[in-house]
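Chemist: Data: work-v9.pdb, PDB, C-alpha atoms and all ligand atoms.
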ATOM      1  CA  MET D   1      64.286 112.603  77.332  1.00  0.00           C
ATOM      2  CA  ILE D   2      65.155 112.703  81.028  1.00  0.00           C
ATOM      3  CA  TYR D   3      65.297 115.710  83.338  1.00  0.00           C
ATOM      4  CA  ILE D   4      67.472 116.270  86.377  1.00  0.00           C
ATOM      5  CA  THR D   5      67.241 119.100  88.878  1.00  0.00           C
ATOM      6  CA  ARG D   6      69.801 120.653  91.156  1.00  0.00           C
ATOM      7  CA  ARG D   7      68.530 122.841  93.965  1.00  0.00           C
ATOM      8  CA  GLU D   8      70.630 125.526  95.641  1.00  0.00           C
ATOM      9  CA  VAL D   9      69.825 128.194  98.188  1.00  0.00           C
ATOM     10  CA  PHE D  10      71.378 131.606  98.615  1.00  0.00           C
ATOM     11  CA  ALA D  11      70.720 134.794 100.541  1.00  0.00           C
ATOM     12  CA  ALA D  12      70.827 138.167  98.819  1.00  0.00           C
ATOM     13  CA  SER D  13      69.462 141.692  98.984  1.00  0.00           C
ATOM     14  CA  HIS D  14      67.779 143.855  96.422  1.00  0.00           C
ATOM     15  CA  ARG D  15      65.890 147.065  95.965  1.00  0.00           C
ATOM     16  CA  LEU D  16      63.198 147.386  93.327  1.00  0.00           C
ATOM     17  CA  TYR D  17      63.639 150.813  91.856  1.00  0.00           C
ATOM     18  CA  ASN D  18      63.683 152.225  88.351  1.00  0.00           C
ATOM     19  CA  PRO D  19      65.883 155.342  88.180  1.00  0.00           C
ATOM     20  CA  ASP D  20      64.042 156.453  85.014  1.00  0.00           C
ATOM     21  CA  LEU D  21      60.820 156.890  86.992  1.00  0.00           C
ATOM     22  CA  SER D  22      59.931 159.447  89.638  1.00  0.00           C
ATOM     23  CA  GLU D  23      60.041 158.687  93.367  1.00  0.00           C
ATOM     24  CA  GLU D  24      56.237 158.689  93.376  1.00  0.00           C
ATOM     25  CA  GLU D  25      55.996 156.233  90.491  1.00  0.00           C
ATOM     26  CA  ASN D  26      58.555 153.938  92.087  1.00  0.00           C
ATOM     27  CA  GLU D  27      56.640 153.985  95.331  1.00  0.00           C
ATOM     28  CA  LEU D  28      53.399 153.296  93.530  1.00  0.00           C
ATOM     29  CA  ILE D  29      54.815 150.345  91.574  1.00  0.00           C
ATOM     30  CA  TYR D  30      57.177 148.770  94.103  1.00  0.00           C
ATOM     31  CA  ASP D  31      55.755 149.969  97.438  1.00  0.00           C
ATOM     32  CA  LYS D  32      58.001 148.896 100.324  1.00  0.00           C
ATOM     33  CA  CYS D  33      60.239 146.937  97.919  1.00  0.00           C
ATOM     34  CA  ALA D  34      61.522 150.388  96.849  1.00  0.00           C
ATOM     35  CA  ASN D  35      62.743 151.257 100.358  1.00  0.00           C
ATOM     36  CA  PRO D  36      66.087 153.021  99.942  1.00  0.00           C
ATOM     37  CA  TYR D  37      68.295 150.462 101.687  1.00  0.00           C
ATOM     38  CA  GLY D  38      66.761 147.354 100.163  1.00  0.00           C
ATOM     39  CA  HIS D  39      65.780 144.123 101.854  1.00  0.00           C
ATOM     40  CA  GLY D  40      66.801 140.485 101.714  1.00  0.00           C
ATOM     41  CA  HIS D  41      65.453 137.128 100.628  1.00  0.00           C
ATOM     42  CA  ASN D  42      66.447 133.522 101.073  1.00  0.00           C
ATOM     43  CA  TYR D  43      66.241 132.512  97.440  1.00  0.00           C
ATOM     44  CA  ILE D  44      65.803 128.942  96.266  1.00  0.00           C
ATOM     45  CA  LEU D  45      67.137 128.136  92.827  1.00  0.00           C
ATOM     46  CA  GLU D  46      66.222 125.055  90.817  1.00  0.00           C
ATOM     47  CA  VAL D  47      68.169 124.307  87.659  1.00  0.00           C
ATOM     48  CA  VAL D  48      66.765 121.629  85.360  1.00  0.00           C
ATOM     49  CA  VAL D  49      68.888 119.937  82.699  1.00  0.00           C
ATOM     50  CA  ALA D  50      67.335 117.769  79.982  1.00  0.00           C
ATOM     51  CA  GLY D  51      68.891 115.162  77.744  1.00  0.00           C
ATOM     52  CA  GLU D  52      69.634 111.516  77.082  1.00  0.00           C
ATOM     53  CA  ILE D  53      71.187 109.030  79.469  1.00  0.00           C
ATOM     54  CA  ASP D  54      74.801 108.124  78.726  1.00  0.00           C
ATOM     55  CA  PRO D  55      74.687 104.303  78.506  1.00  0.00           C
ATOM     56  CA  ARG D  56      78.237 104.041  79.855  1.00  0.00           C
ATOM     57  CA  THR D  57      77.501 105.870  83.147  1.00  0.00           C
ATOM     58  CA  GLY D  58      73.725 105.665  83.456  1.00  0.00           C
ATOM     59  CA  TYR D  59      73.826 109.417  84.062  1.00  0.00           C
ATOM     60  CA  LEU D  60      72.414 112.272  82.042  1.00  0.00           C
ATOM     61  CA  LEU D  61      74.939 114.471  83.768  1.00  0.00           C
ATOM     62  CA  ASP D  62      76.942 113.926  86.929  1.00  0.00           C
ATOM     63  CA  LEU D  63      75.120 116.008  89.547  1.00  0.00           C
ATOM     64  CA  LYS D  64      78.449 116.782  91.213  1.00  0.00           C
ATOM     65  CA  GLU D  65      79.459 118.508  88.011  1.00  0.00           C
ATOM     66  CA  LEU D  66      76.171 120.423  87.751  1.00  0.00           C
ATOM     67  CA  LYS D  67      76.563 121.515  91.384  1.00  0.00           C
ATOM     68  CA  LYS D  68      80.059 122.815  90.624  1.00  0.00           C
ATOM     69  CA  ILE D  69      78.891 124.749  87.538  1.00  0.00           C
ATOM     70  CA  ILE D  70      76.063 126.417  89.495  1.00  0.00           C
ATOM     71  CA  LYS D  71      78.337 127.217  92.449  1.00  0.00           C
ATOM     72  CA  GLU D  72      81.042 128.793  90.288  1.00  0.00           C
ATOM     73  CA  ASN D  73      78.824 130.706  87.868  1.00  0.00           C
ATOM     74  CA  VAL D  74      75.933 131.736  90.090  1.00  0.00           C
ATOM     75  CA  ILE D  75      76.190 131.107  93.840  1.00  0.00           C
ATOM     76  CA  ALA D  76      79.696 132.544  94.177  1.00  0.00           C
ATOM     77  CA  LYS D  77      78.451 135.735  92.505  1.00  0.00           C
ATOM     78  CA  VAL D  78      75.166 136.226  94.363  1.00  0.00           C
ATOM     79  CA  ASP D  79      75.316 134.695  97.842  1.00  0.00           C
ATOM     80  CA  HIS D  80      75.394 137.380 100.554  1.00  0.00           C
ATOM     81  CA  ARG D  81      75.474 140.111  97.908  1.00  0.00           C
ATOM     82  CA  HIS D  82      73.267 143.046  97.023  1.00  0.00           C
ATOM     83  CA  PHE D  83      71.853 142.678  93.501  1.00  0.00           C
ATOM     84  CA  ASN D  84      71.769 146.439  92.915  1.00  0.00           C
ATOM     85  CA  PHE D  85      75.427 146.950  93.780  1.00  0.00           C
ATOM     86  CA  ASP D  86      77.712 143.951  93.552  1.00  0.00           C
ATOM     87  CA  VAL D  87      76.432 141.310  91.179  1.00  0.00           C
ATOM     88  CA  ASP D  88      78.229 141.776  87.863  1.00  0.00           C
ATOM     89  CA  PHE D  89      75.605 140.135  85.640  1.00  0.00           C
ATOM     90  CA  MET D  90      72.790 142.329  87.051  1.00  0.00           C
ATOM     91  CA  LYS D  91      74.443 145.698  86.415  1.00  0.00           C
ATOM     92  CA  GLY D  92      71.836 148.219  85.255  1.00  0.00           C
ATOM     93  CA  ILE D  93      68.983 145.698  85.476  1.00  0.00           C
ATOM     94  CA  ILE D  94      66.072 146.048  87.938  1.00  0.00           C
ATOM     95  CA  PRO D  95      66.587 143.006  90.187  1.00  0.00           C
ATOM     96  CA  THR D  96      63.071 141.588  90.160  1.00  0.00           C
ATOM     97  CA  ALA D  97      62.789 137.814  90.511  1.00  0.00           C
ATOM     98  CA  GLU D  98      62.018 137.722  86.765  1.00  0.00           C
ATOM     99  CA  ASN D  99      65.204 139.548  85.794  1.00  0.00           C
ATOM    100  CA  ILE D 100      67.374 137.648  88.276  1.00  0.00           C
ATOM    101  CA  CYS D 101      66.032 134.364  86.880  1.00  0.00           C
ATOM    102  CA  ILE D 102      66.958 135.390  83.317  1.00  0.00           C
ATOM    103  CA  GLY D 103      70.353 136.598  84.530  1.00  0.00           C
ATOM    104  CA  ILE D 104      71.012 133.219  86.129  1.00  0.00           C
ATOM    105  CA  TRP D 105      69.912 131.438  82.936  1.00  0.00           C
ATOM    106  CA  ASN D 106      72.398 133.529  80.962  1.00  0.00           C
ATOM    107  CA  GLN D 107      75.154 132.649  83.413  1.00  0.00           C
ATOM    108  CA  LEU D 108      74.486 128.931  82.941  1.00  0.00           C
ATOM    109  CA  ALA D 109      73.514 128.670  79.265  1.00  0.00           C
ATOM    110  CA  GLY D 110      76.275 127.029  77.282  1.00  0.00           C
ATOM    111  CA  LYS D 111      78.121 125.830  80.391  1.00  0.00           C
ATOM    112  CA  ILE D 112      76.274 122.525  80.796  1.00  0.00           C
ATOM    113  CA  PRO D 113      78.562 119.890  79.254  1.00  0.00           C
ATOM    114  CA  ALA D 114      75.994 117.105  78.705  1.00  0.00           C
ATOM    115  CA  GLY D 115      72.335 117.608  77.916  1.00  0.00           C
ATOM    116  CA  LYS D 116      70.978 121.111  77.787  1.00  0.00           C
ATOM    117  CA  LEU D 117      69.613 123.684  80.143  1.00  0.00           C
ATOM    118  CA  HIS D 118      65.844 123.166  80.292  1.00  0.00           C
ATOM    119  CA  SER D 119      64.672 125.664  82.907  1.00  0.00           C
ATOM    120  CA  VAL D 120      65.693 127.894  85.761  1.00  0.00           C
ATOM    121  CA  LYS D 121      63.235 128.345  88.593  1.00  0.00           C
ATOM    122  CA  LEU D 122      63.768 130.962  91.266  1.00  0.00           C
ATOM    123  CA  TYR D 123      61.747 131.110  94.480  1.00  0.00           C
ATOM    124  CA  GLU D 124      61.850 134.512  96.098  1.00  0.00           C
ATOM    125  CA  THR D 125      59.412 133.563  98.854  1.00  0.00           C
ATOM    126  CA  GLU D 126      57.643 130.387  99.816  1.00  0.00           C
ATOM    127  CA  ASN D 127      54.689 131.411  97.659  1.00  0.00           C
ATOM    128  CA  ASN D 128      56.279 133.254  94.752  1.00  0.00           C
ATOM    129  CA  TYR D 129      58.546 131.856  92.095  1.00  0.00           C
ATOM    130  CA  VAL D 130      59.415 132.562  88.510  1.00  0.00           C
ATOM    131  CA  GLU D 131      60.550 130.157  85.829  1.00  0.00           C
ATOM    132  CA  TYR D 132      62.509 130.800  82.634  1.00  0.00           C
ATOM    133  CA  LYS D 133      63.012 128.389  79.755  1.00  0.00           C
ATOM    134  CA  GLY D 134      65.112 130.518  77.440  1.00  0.00           C
TER
HETATM  135 NI    NI D 201      62.111 141.601  97.528  1.00  0.00          NI
END
Take the structure from the file and write it as structure tokens.
Modeler:
Amino acid sequence: MIYITRREVFAASHRLYNPDLSEEENELIYDKCANPYGHGHNYILEVVVAGEIDPRTGYLLDLKELKKIIKENVIAKVDHRHFNFDVDFMKGIIPTAENICIGIWNQLAGKIPAGKLHSVKLYETENNYVEYKG
């Protein structure tokens, strides 16, 4: 089994807020991340695909192809967007790094032509990242 990783960066905004909770509870849980107008991050995304090498090409998967799949299904939908308002796959979901990571996994699952999606890692800051393996 071999693993390949494609890294992408994007900028996006979010506000951590649960409309089912009171203002006080939101403030207590999310602190300044619940500020009404949101805030931005420079996210780093790492998509790992696992599988066997194709003996004809020596590739598991052409990274150009993986790049294209990520661009079309994720980056085009999230870059310079606000997760609470204009990202279709996050509608009604609190846009924590955890939930965004799962959302991105769902966007990519089943779209990788060779090998299979192994993990999605999302860095929200230099020190904080989440990882989802399905
Ligand atoms: Ni944030």
Chemist: Name the residues in contact with range 27-39 of chain D at a cut-off of 10 Å, using all atoms listed in the file, excluding same-chain residues fewer than 4 positions from it; report them as a list in words.
Modeler: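 The residues that qualify are Ala12, Ser13, His14, Arg15, Leu16, Tyr17, Asn18, Leu21, Ser22, Glu23, His82, Phe83, Asn84 and Thr96 of chain D.
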Chemist: Give me the residues near Leu60 in chain D as a tab-separated table (two decimals) with C-alpha atoms, in the frame of the given file, where near means some atom within 10 Å (using only C-alpha atoms) and where sequence neighbours in that chain fewer than 4 positions away do not count.
Modeler:
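The resulting file, out-v4.tsv, is reproduced below:
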chain	number	residue	atom	x	y	z
D	1	MET	CA	64.29	112.60	77.33
D	2	ILE	CA	65.16	112.70	81.03
D	3	TYR	CA	65.30	115.71	83.34
D	4	ILE	CA	67.47	116.27	86.38
D	49	VAL	CA	68.89	119.94	82.70
D	50	ALA	CA	67.33	117.77	79.98
D	51	GLY	CA	68.89	115.16	77.74
D	52	GLU	CA	69.63	111.52	77.08
D	53	ILE	CA	71.19	109.03	79.47
D	54	ASP	CA	74.80	108.12	78.73
D	55	PRO	CA	74.69	104.30	78.51
D	114	ALA	CA	75.99	117.10	78.70
D	115	GLY	CA	72.33	117.61	77.92
D	116	LYS	CA	70.98	121.11	77.79
Chemist: Can you spell out as a list in words the set of residues that the PyMOL selection byres (((chain D and resi 130) around 10) and not hetatm) selects in the structure I just provided?
Modeler: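 So the PyMOL selection byres (((chain D and resi 130) around 10) and not hetatm) ends up selecting Leu45, Thr96, Ala97, Glu98, Asn99, Ile100, Cys101, Ile102, Val120, Lys121, Leu122, Tyr123, Glu124, Asn128, Tyr129, Glu131 and Tyr132 of chain D.
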Chemist: Include C-alpha atoms and write out the residues we just selected as a PDB file, keeping the file's coordinate frame.
Modeler:
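Ended up saving to selection02.pdb:
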ATOM      1  CA  LEU D  45      67.137 128.136  92.827  1.00  0.00           C
ATOM      2  CA  THR D  96      63.071 141.588  90.160  1.00  0.00           C
ATOM      3  CA  ALA D  97      62.789 137.814  90.511  1.00  0.00           C
ATOM      4  CA  GLU D  98      62.018 137.722  86.765  1.00  0.00           C
ATOM      5  CA  ASN D  99      65.204 139.548  85.794  1.00  0.00           C
ATOM      6  CA  ILE D 100      67.374 137.648  88.276  1.00  0.00           C
ATOM      7  CA  CYS D 101      66.032 134.364  86.880  1.00  0.00           C
ATOM      8  CA  ILE D 102      66.958 135.390  83.317  1.00  0.00           C
ATOM      9  CA  VAL D 120      65.693 127.894  85.761  1.00  0.00           C
ATOM     10  CA  LYS D 121      63.235 128.345  88.593  1.00  0.00           C
ATOM     11  CA  LEU D 122      63.768 130.962  91.266  1.00  0.00           C
ATOM     12  CA  TYR D 123      61.747 131.110  94.480  1.00  0.00           C
ATOM     13  CA  GLU D 124      61.850 134.512  96.098  1.00  0.00           C
ATOM     14  CA  ASN D 128      56.279 133.254  94.752  1.00  0.00           C
ATOM     15  CA  TYR D 129      58.546 131.856  92.095  1.00  0.00           C
ATOM     16  CA  GLU D 131      60.550 130.157  85.829  1.00  0.00           C
ATOM     17  CA  TYR D 132      62.509 130.800  82.634  1.00  0.00           C
TER      18      TYR D 132
END
Chemist: Can you work out the spacing between CA of Leu117 in chain D and CA of Val48 in chain D in Å, to one decimal?
Modeler: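 Between these atoms lies a distance of 6.3 Å.
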Chemist: Report as a ChimeraX atom specification the residues that result from applying the PyMOL selection byres (((chain D and resi 70) around 12) and not hetatm) to the structure here.
Modeler: /D:5-10,45-49,63-69,71-79,104-109,111-112,117,120
Chemist: How many Å separate CA of His118 in chain D from CA of Pro95 in chain D?
Modeler: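 Result for CA of His118 in chain D versus CA of Pro95 in chain D: 22.2 Å, one decimal.
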Chemist: Quick one: distance from atom NI of ligand NI 201 (chain D) to CA of Phe85 in chain D in Å, one decimal?
Modeler: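 Between atom NI of ligand NI 201 (chain D) and CA of Phe85 in chain D the gap is 14.8 Å.
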Chemist: Produce the centre coordinates and the three edge lengths, each in Å to one decimal, of the box along x, y and z that contains all listed atoms of range 42-60 of chain D with 3 Å added on each side, as JSON.
Modeler:
{"center_x": 72.0, "center_y": 118.8, "center_z": 89.1, "size_x": 18.4, "size_y": 35.5, "size_z": 30.0}
Chemist: D:Asn26, D:Ile93, D:Asp20, D:Tyr43: which is nearest Arg81 in chain D, counting only C-alpha atoms?
Modeler: D:Tyr43
Chemist: I'd like to know which of D:Val87, D:Asp62, D:Gly134, D:Ile94 is closest to ligand NI 201 (chain D), using all atoms listed in the file.
Modeler: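 Going through D:Val87, D:Asp62, D:Gly134, D:Ile94 one by one, the smallest distance to ligand NI 201 (chain D) is for D:Ile94.
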